[in-house]
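Student: Can you read through this structure? Questions will come right after.
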Amino acid sequence: MEKGQMLYEGKAKQVFETNNPNEVIVRYKDDATAFNAQKKGQVDKKGELNNAISTLIFEYLQEKEIPTHFIKQLDDREQLVKKVNIIPLEMVVRNYSAGSMAQRLGVEEGIKSPVTIFDICYKKDELGDPLINDHHAVFLGAATYDELDEMYELTDVINELLIDLFDKMNIILVDFKIELGKTADGEIVLADEISPDTCRLWDKDTMKKLDKDRFRRDLGEVTEAYEEIYNRLKKVLNK
């Protein structure tokens with residue numbers, strides 16, 4: 001396996017081709033962004049920590065028979081993954097009120113929802129990744145209704161598995177977003193990453209935020225929060 005030219009650079013990662021047309025290398029960066037990249041900065045060790053955290057979570061989910069793009073961790077910052085066509089929809093899961101939902105609905109943060117709330121956002125940076133519904137997604141050609149059903153079902157199972165995992169870490173999984181992609185044979189799989197960049201994670205006892213909100217809201221101790229998640233994750237998974 002040889003690392004080739006860079007195919008894509010996003011806010012938090014770079015993607016490189018390999019000599020296998022069905023595999024790519026993902027490199028995690030220390031860059032941090034918020035509010036659709038209106039706020040930018042650097043977080044020490046973020047790339048290394050998100051790579052390590054995502055690796056452990058992908059391995060955990062694969063053991064639970066969740067299909068993912070993950071193949072293996074290569075080093076501190078890089079993963080080898082299956083090449084997928086990312087579906088241009090962010091699947092957002094909300095177990096508690098927080099962030100944009102709390103603002104949009106005029107409710108306090110931290111209210112546990114009696115139902116799991118699913119949102120989808122259209123991945124379009126120039127539009128600010130707007131919140132859309134299923135009919136919009138079909139209109140845009142992002143997915144069919146059958147594909148959306150499969151995506152919701154997969155996302156729901158991932159949510160239940162992550163709730164259980166983080167509960168063992170004494171952490172509340174407030175909400176999170178994931179990206180899904182299609183492999184060369186058309187299978188829909190979990191892609192991108194699962195980390196404190198993509199999840200809201202609160203300590204059960206103190207309600208301390210251990211996620212990207214520490215950067216968004218200038219709370220400080222961002223690296224320390226990510227390290228706390230990584231250390232608890234290793235302990236629970238016996239890694």
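Going through the structure tokens in order, the chains are called A, B, and so on, while each chain numbers its residues from 1 and the ligands are numbered from 1 in the order shown.
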Could you pull out the helix (DSSP H, G or I) residues of region 8-179 of chain A from DSSP and send them as a PDB file with C-alpha atoms, in the first residue's frame?

Tutor:
```
ATOM      1  CA  LYS A  46      -6.647  17.038  18.194  1.00  0.00           C
ATOM      2  CA  GLY A  47      -5.765  15.078  15.067  1.00  0.00           C
ATOM      3  CA  GLU A  48      -3.998  12.353  17.011  1.00  0.00           C
ATOM      4  CA  LEU A  49      -6.776  12.087  19.589  1.00  0.00           C
ATOM      5  CA  ASN A  50      -9.638  12.035  17.084  1.00  0.00           C
ATOM      6  CA  ASN A  51      -7.812   9.402  15.045  1.00  0.00           C
ATOM      7  CA  ALA A  52      -7.339   7.244  18.141  1.00  0.00           C
ATOM      8  CA  ILE A  53     -10.898   7.769  19.414  1.00  0.00           C
ATOM      9  CA  SER A  54     -12.484   7.115  16.026  1.00  0.00           C
ATOM     10  CA  THR A  55     -10.389   3.983  15.607  1.00  0.00           C
ATOM     11  CA  LEU A  56     -11.602   2.541  18.904  1.00  0.00           C
ATOM     12  CA  ILE A  57     -15.228   3.416  18.171  1.00  0.00           C
ATOM     13  CA  PHE A  58     -15.135   2.056  14.607  1.00  0.00           C
ATOM     14  CA  GLU A  59     -13.611  -1.196  15.883  1.00  0.00           C
ATOM     15  CA  TYR A  60     -16.288  -1.404  18.605  1.00  0.00           C
ATOM     16  CA  LEU A  61     -19.095  -0.831  16.079  1.00  0.00           C
ATOM     17  CA  GLN A  62     -17.634  -3.342  13.629  1.00  0.00           C
ATOM     18  CA  GLU A  63     -17.619  -5.946  16.398  1.00  0.00           C
ATOM     19  CA  GLY A  99     -26.952  23.511  20.535  1.00  0.00           C
ATOM     20  CA  SER A 100     -28.879  24.603  17.473  1.00  0.00           C
ATOM     21  CA  MET A 101     -31.988  22.599  18.349  1.00  0.00           C
ATOM     22  CA  ALA A 102     -32.306  24.252  21.755  1.00  0.00           C
ATOM     23  CA  GLN A 103     -31.862  27.674  20.130  1.00  0.00           C
ATOM     24  CA  ARG A 104     -34.254  26.918  17.295  1.00  0.00           C
ATOM     25  CA  LEU A 105     -37.019  25.660  19.600  1.00  0.00           C
ATOM     26  CA  ASP A 125     -20.851  24.496   2.837  1.00  0.00           C
ATOM     27  CA  GLU A 126     -21.915  27.510   0.791  1.00  0.00           C
ATOM     28  CA  LEU A 127     -25.478  27.100   2.108  1.00  0.00           C
ATOM     29  CA  ASP A 134     -36.803  13.539   3.520  1.00  0.00           C
ATOM     30  CA  HIS A 135     -38.719  14.972   0.583  1.00  0.00           C
ATOM     31  CA  HIS A 136     -36.052  17.642   0.043  1.00  0.00           C
ATOM     32  CA  ALA A 137     -33.380  14.914   0.097  1.00  0.00           C
ATOM     33  CA  VAL A 138     -35.198  12.944  -2.599  1.00  0.00           C
ATOM     34  CA  PHE A 139     -35.831  16.114  -4.629  1.00  0.00           C
ATOM     35  CA  TYR A 145     -36.860   6.939   0.103  1.00  0.00           C
ATOM     36  CA  ASP A 146     -35.664   3.336   0.421  1.00  0.00           C
ATOM     37  CA  GLU A 147     -32.109   4.518   1.026  1.00  0.00           C
ATOM     38  CA  LEU A 148     -33.321   6.999   3.636  1.00  0.00           C
ATOM     39  CA  ASP A 149     -35.172   4.188   5.438  1.00  0.00           C
ATOM     40  CA  GLU A 150     -31.933   2.165   5.485  1.00  0.00           C
ATOM     41  CA  MET A 151     -29.945   5.184   6.658  1.00  0.00           C
ATOM     42  CA  TYR A 152     -32.341   5.929   9.528  1.00  0.00           C
ATOM     43  CA  GLU A 153     -32.366   2.290  10.594  1.00  0.00           C
ATOM     44  CA  LEU A 154     -28.555   2.097  10.606  1.00  0.00           C
ATOM     45  CA  THR A 155     -28.263   5.427  12.438  1.00  0.00           C
ATOM     46  CA  ASP A 156     -30.755   4.289  15.091  1.00  0.00           C
ATOM     47  CA  VAL A 157     -28.755   1.121  15.809  1.00  0.00           C
ATOM     48  CA  ILE A 158     -25.515   3.147  15.982  1.00  0.00           C
ATOM     49  CA  ASN A 159     -27.179   5.506  18.466  1.00  0.00           C
ATOM     50  CA  GLU A 160     -28.223   2.656  20.769  1.00  0.00           C
ATOM     51  CA  LEU A 161     -24.746   1.120  20.664  1.00  0.00           C
ATOM     52  CA  LEU A 162     -23.051   4.468  21.367  1.00  0.00           C
ATOM     53  CA  ILE A 163     -25.450   5.314  24.216  1.00  0.00           C
ATOM     54  CA  ASP A 164     -24.492   2.024  25.857  1.00  0.00           C
ATOM     55  CA  LEU A 165     -20.774   2.543  25.264  1.00  0.00           C
ATOM     56  CA  PHE A 166     -20.684   6.087  26.624  1.00  0.00           C
ATOM     57  CA  ASP A 167     -22.924   5.149  29.555  1.00  0.00           C
ATOM     58  CA  LYS A 168     -20.220   2.701  30.654  1.00  0.00           C
TER      59      LYS A 168
END
```

Student: Quick one: residues within 12 Å of Gly220 (chain A), only C-alpha atoms, excluding same-chain residues fewer than 6 positions away - as a list of chain:residue names?

Tutor: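 Near Gly220 (chain A), the qualifying residues are A:Val43, A:Asp44, A:Lys208, A:Lys209, A:Leu210, A:Asp211, A:Lys212, A:Asp213, A:Arg214, A:Tyr226.
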
Student: Identify all residues of region 128-210 of chain A in strand (DSSP E or B) (DSSP on the backbone) and supply them as a PyMOL selection string.

Tutor: chain A and resi 131-132+171-182+188-191+199-203+209

Student: Those residues you just picked out, can you put them in a file as a PDB file, in the first residue's frame with C-alpha atoms?

Tutor:
```
ATOM      1  CA  LEU A 131     -31.678  21.414   7.831  1.00  0.00           C
ATOM      2  CA  ILE A 132     -33.919  19.610   5.321  1.00  0.00           C
ATOM      3  CA  ILE A 171     -20.884  10.005  29.918  1.00  0.00           C
ATOM      4  CA  ILE A 172     -24.165  11.236  28.447  1.00  0.00           C
ATOM      5  CA  LEU A 173     -24.386  11.054  24.661  1.00  0.00           C
ATOM      6  CA  VAL A 174     -26.327  14.279  24.159  1.00  0.00           C
ATOM      7  CA  ASP A 175     -26.302  14.306  20.367  1.00  0.00           C
ATOM      8  CA  PHE A 176     -24.063  13.484  17.422  1.00  0.00           C
ATOM      9  CA  LYS A 177     -23.820  13.595  13.656  1.00  0.00           C
ATOM     10  CA  ILE A 178     -22.533  10.976  11.266  1.00  0.00           C
ATOM     11  CA  GLU A 179     -21.860  10.688   7.570  1.00  0.00           C
ATOM     12  CA  LEU A 180     -22.687   7.635   5.498  1.00  0.00           C
ATOM     13  CA  GLY A 181     -21.194   6.568   2.197  1.00  0.00           C
ATOM     14  CA  LYS A 182     -21.646   4.013  -0.553  1.00  0.00           C
ATOM     15  CA  ILE A 188     -24.288   1.977   2.647  1.00  0.00           C
ATOM     16  CA  VAL A 189     -21.679   2.186   5.424  1.00  0.00           C
ATOM     17  CA  LEU A 190     -20.693   4.477   8.277  1.00  0.00           C
ATOM     18  CA  ALA A 191     -17.890   6.813   7.159  1.00  0.00           C
ATOM     19  CA  CYS A 199     -20.590  14.271  19.380  1.00  0.00           C
ATOM     20  CA  ARG A 200     -21.772  16.244  22.398  1.00  0.00           C
ATOM     21  CA  LEU A 201     -20.502  14.360  25.435  1.00  0.00           C
ATOM     22  CA  TRP A 202     -21.265  15.428  29.022  1.00  0.00           C
ATOM     23  CA  ASP A 203     -19.892  13.916  32.205  1.00  0.00           C
ATOM     24  CA  LYS A 209     -18.710  19.277  28.422  1.00  0.00           C
TER      25      LYS A 209
END
```

Student: State, in Å with one decimal place, the distance from CA of Thr116 (chain A) to CA of Asn95 (chain A).

Tutor: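 It comes out at 5.5 Å.
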
Student: Just give me the gap between CA of Val15 (chain A) and CA of Lys39 (chain A) in Å, one decimal is fine.

Tutor: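 Taking CA of Val15 (chain A) as the start and CA of Lys39 (chain A) as the end point, the length is 22.7 Å.
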
Student: Counting only C-alpha atoms, which residues of region 73-153 of chain A fall within 12 Å of region 2-11 of chain A, and what is the closest atom pair for each with its distance in Å at one decimal, ordered by chain and rising number, as CSV?

Tutor:
```
residue,atom,partner,partner_atom,distance
A:Leu74,CA,A:Lys3,CA,11.2
A:Glu78,CA,A:Lys3,CA,10.8
A:Gln79,CA,A:Lys3,CA,11.3
A:Leu80,CA,A:Lys3,CA,10.0
A:Lys83,CA,A:Leu7,CA,11.2
A:Asp125,CA,A:Lys11,CA,10.6
```

Student: Grab the residues selected above and save them as a tab-separated table (two decimals), in the first residue's frame with all heavy atoms.

Tutor:
```tsv
chain	number	residue	atom	x	y	z
A	74	LEU	N	-3.16	3.44	10.71
A	74	LEU	CA	-1.81	3.32	10.17
A	74	LEU	C	-0.76	3.90	11.10
A	74	LEU	O	0.33	3.34	11.27
A	74	LEU	CB	-1.73	4.01	8.81
A	74	LEU	CG	-2.61	3.43	7.71
A	74	LEU	CD1	-2.53	4.28	6.45
A	74	LEU	CD2	-2.22	1.98	7.40
A	78	GLU	N	-3.15	8.78	10.87
A	78	GLU	CA	-3.72	8.27	9.62
A	78	GLU	C	-4.44	6.94	9.78
A	78	GLU	O	-4.05	6.10	10.58
A	78	GLU	CB	-2.62	8.13	8.56
A	78	GLU	CG	-2.02	9.47	8.14
A	78	GLU	CD	-1.01	9.36	7.02
A	78	GLU	OE1	-0.53	8.24	6.75
A	78	GLU	OE2	-0.69	10.40	6.42
A	79	GLN	N	-5.51	6.80	8.97
A	79	GLN	CA	-6.26	5.56	8.88
A	79	GLN	C	-6.33	5.12	7.42
A	79	GLN	O	-6.39	5.96	6.52
A	79	GLN	CB	-7.70	5.75	9.37
A	79	GLN	CG	-7.87	6.06	10.83
A	79	GLN	CD	-9.33	6.34	11.18
A	79	GLN	OE1	-10.21	6.28	10.32
A	79	GLN	NE2	-9.58	6.64	12.44
A	80	LEU	N	-6.37	3.82	7.21
A	80	LEU	CA	-6.69	3.27	5.90
A	80	LEU	C	-8.16	2.92	5.91
A	80	LEU	O	-8.65	2.23	6.82
A	80	LEU	CB	-5.85	2.01	5.63
A	80	LEU	CG	-6.06	1.35	4.26
A	80	LEU	CD1	-5.53	2.26	3.15
A	80	LEU	CD2	-5.37	-0.02	4.22
A	83	LYS	N	-12.67	3.33	0.07
A	83	LYS	CA	-13.09	4.51	-0.67
A	83	LYS	C	-14.60	4.45	-0.87
A	83	LYS	O	-15.14	3.44	-1.35
A	83	LYS	CB	-12.39	4.56	-2.03
A	83	LYS	CG	-12.65	5.85	-2.80
A	83	LYS	CD	-11.83	5.89	-4.08
A	83	LYS	CE	-12.04	7.22	-4.80
A	83	LYS	NZ	-11.22	7.28	-6.05
A	125	ASP	N	-21.49	23.45	2.04
A	125	ASP	CA	-20.85	24.50	2.84
A	125	ASP	C	-21.35	25.89	2.50
A	125	ASP	O	-21.58	26.71	3.39
A	125	ASP	CB	-19.33	24.45	2.65
A	125	ASP	CG	-18.68	23.30	3.40
A	125	ASP	OD1	-19.35	22.72	4.29
A	125	ASP	OD2	-17.53	22.97	3.09
```

Student: Tell me, in Å to one decimal, how far CA of Ala142 (chain A) is from CA of Ile87 (chain A).

Tutor: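 Value for the CA of Ala142 (chain A)-CA of Ile87 (chain A) distance: 6.5 Å.
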
Student: Have a look at A:Glu227, A:Glu108, A:Glu90, A:Glu193 and name the one nearest to Arg27 (chain A); count only C-alpha atoms.

Tutor: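 Selected residue with least distance to Arg27 (chain A): A:Glu193.
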
Student: Which residue, A:Asp31, A:Asp197, A:Glu17, A:Asp192, has the smallest gap to His69 (chain A) when you use only C-alpha atoms?

Tutor: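 Among the listed residues, A:Asp192 lies closest to His69 (chain A).
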
Student: Which one is closest to Pro88 (chain A): A:Lys72, A:Lys124, A:Arg217, A:Lys64? Count only C-alpha atoms.

Tutor: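 Answer, going by the shortest atom-to-atom distance: A:Lys124.
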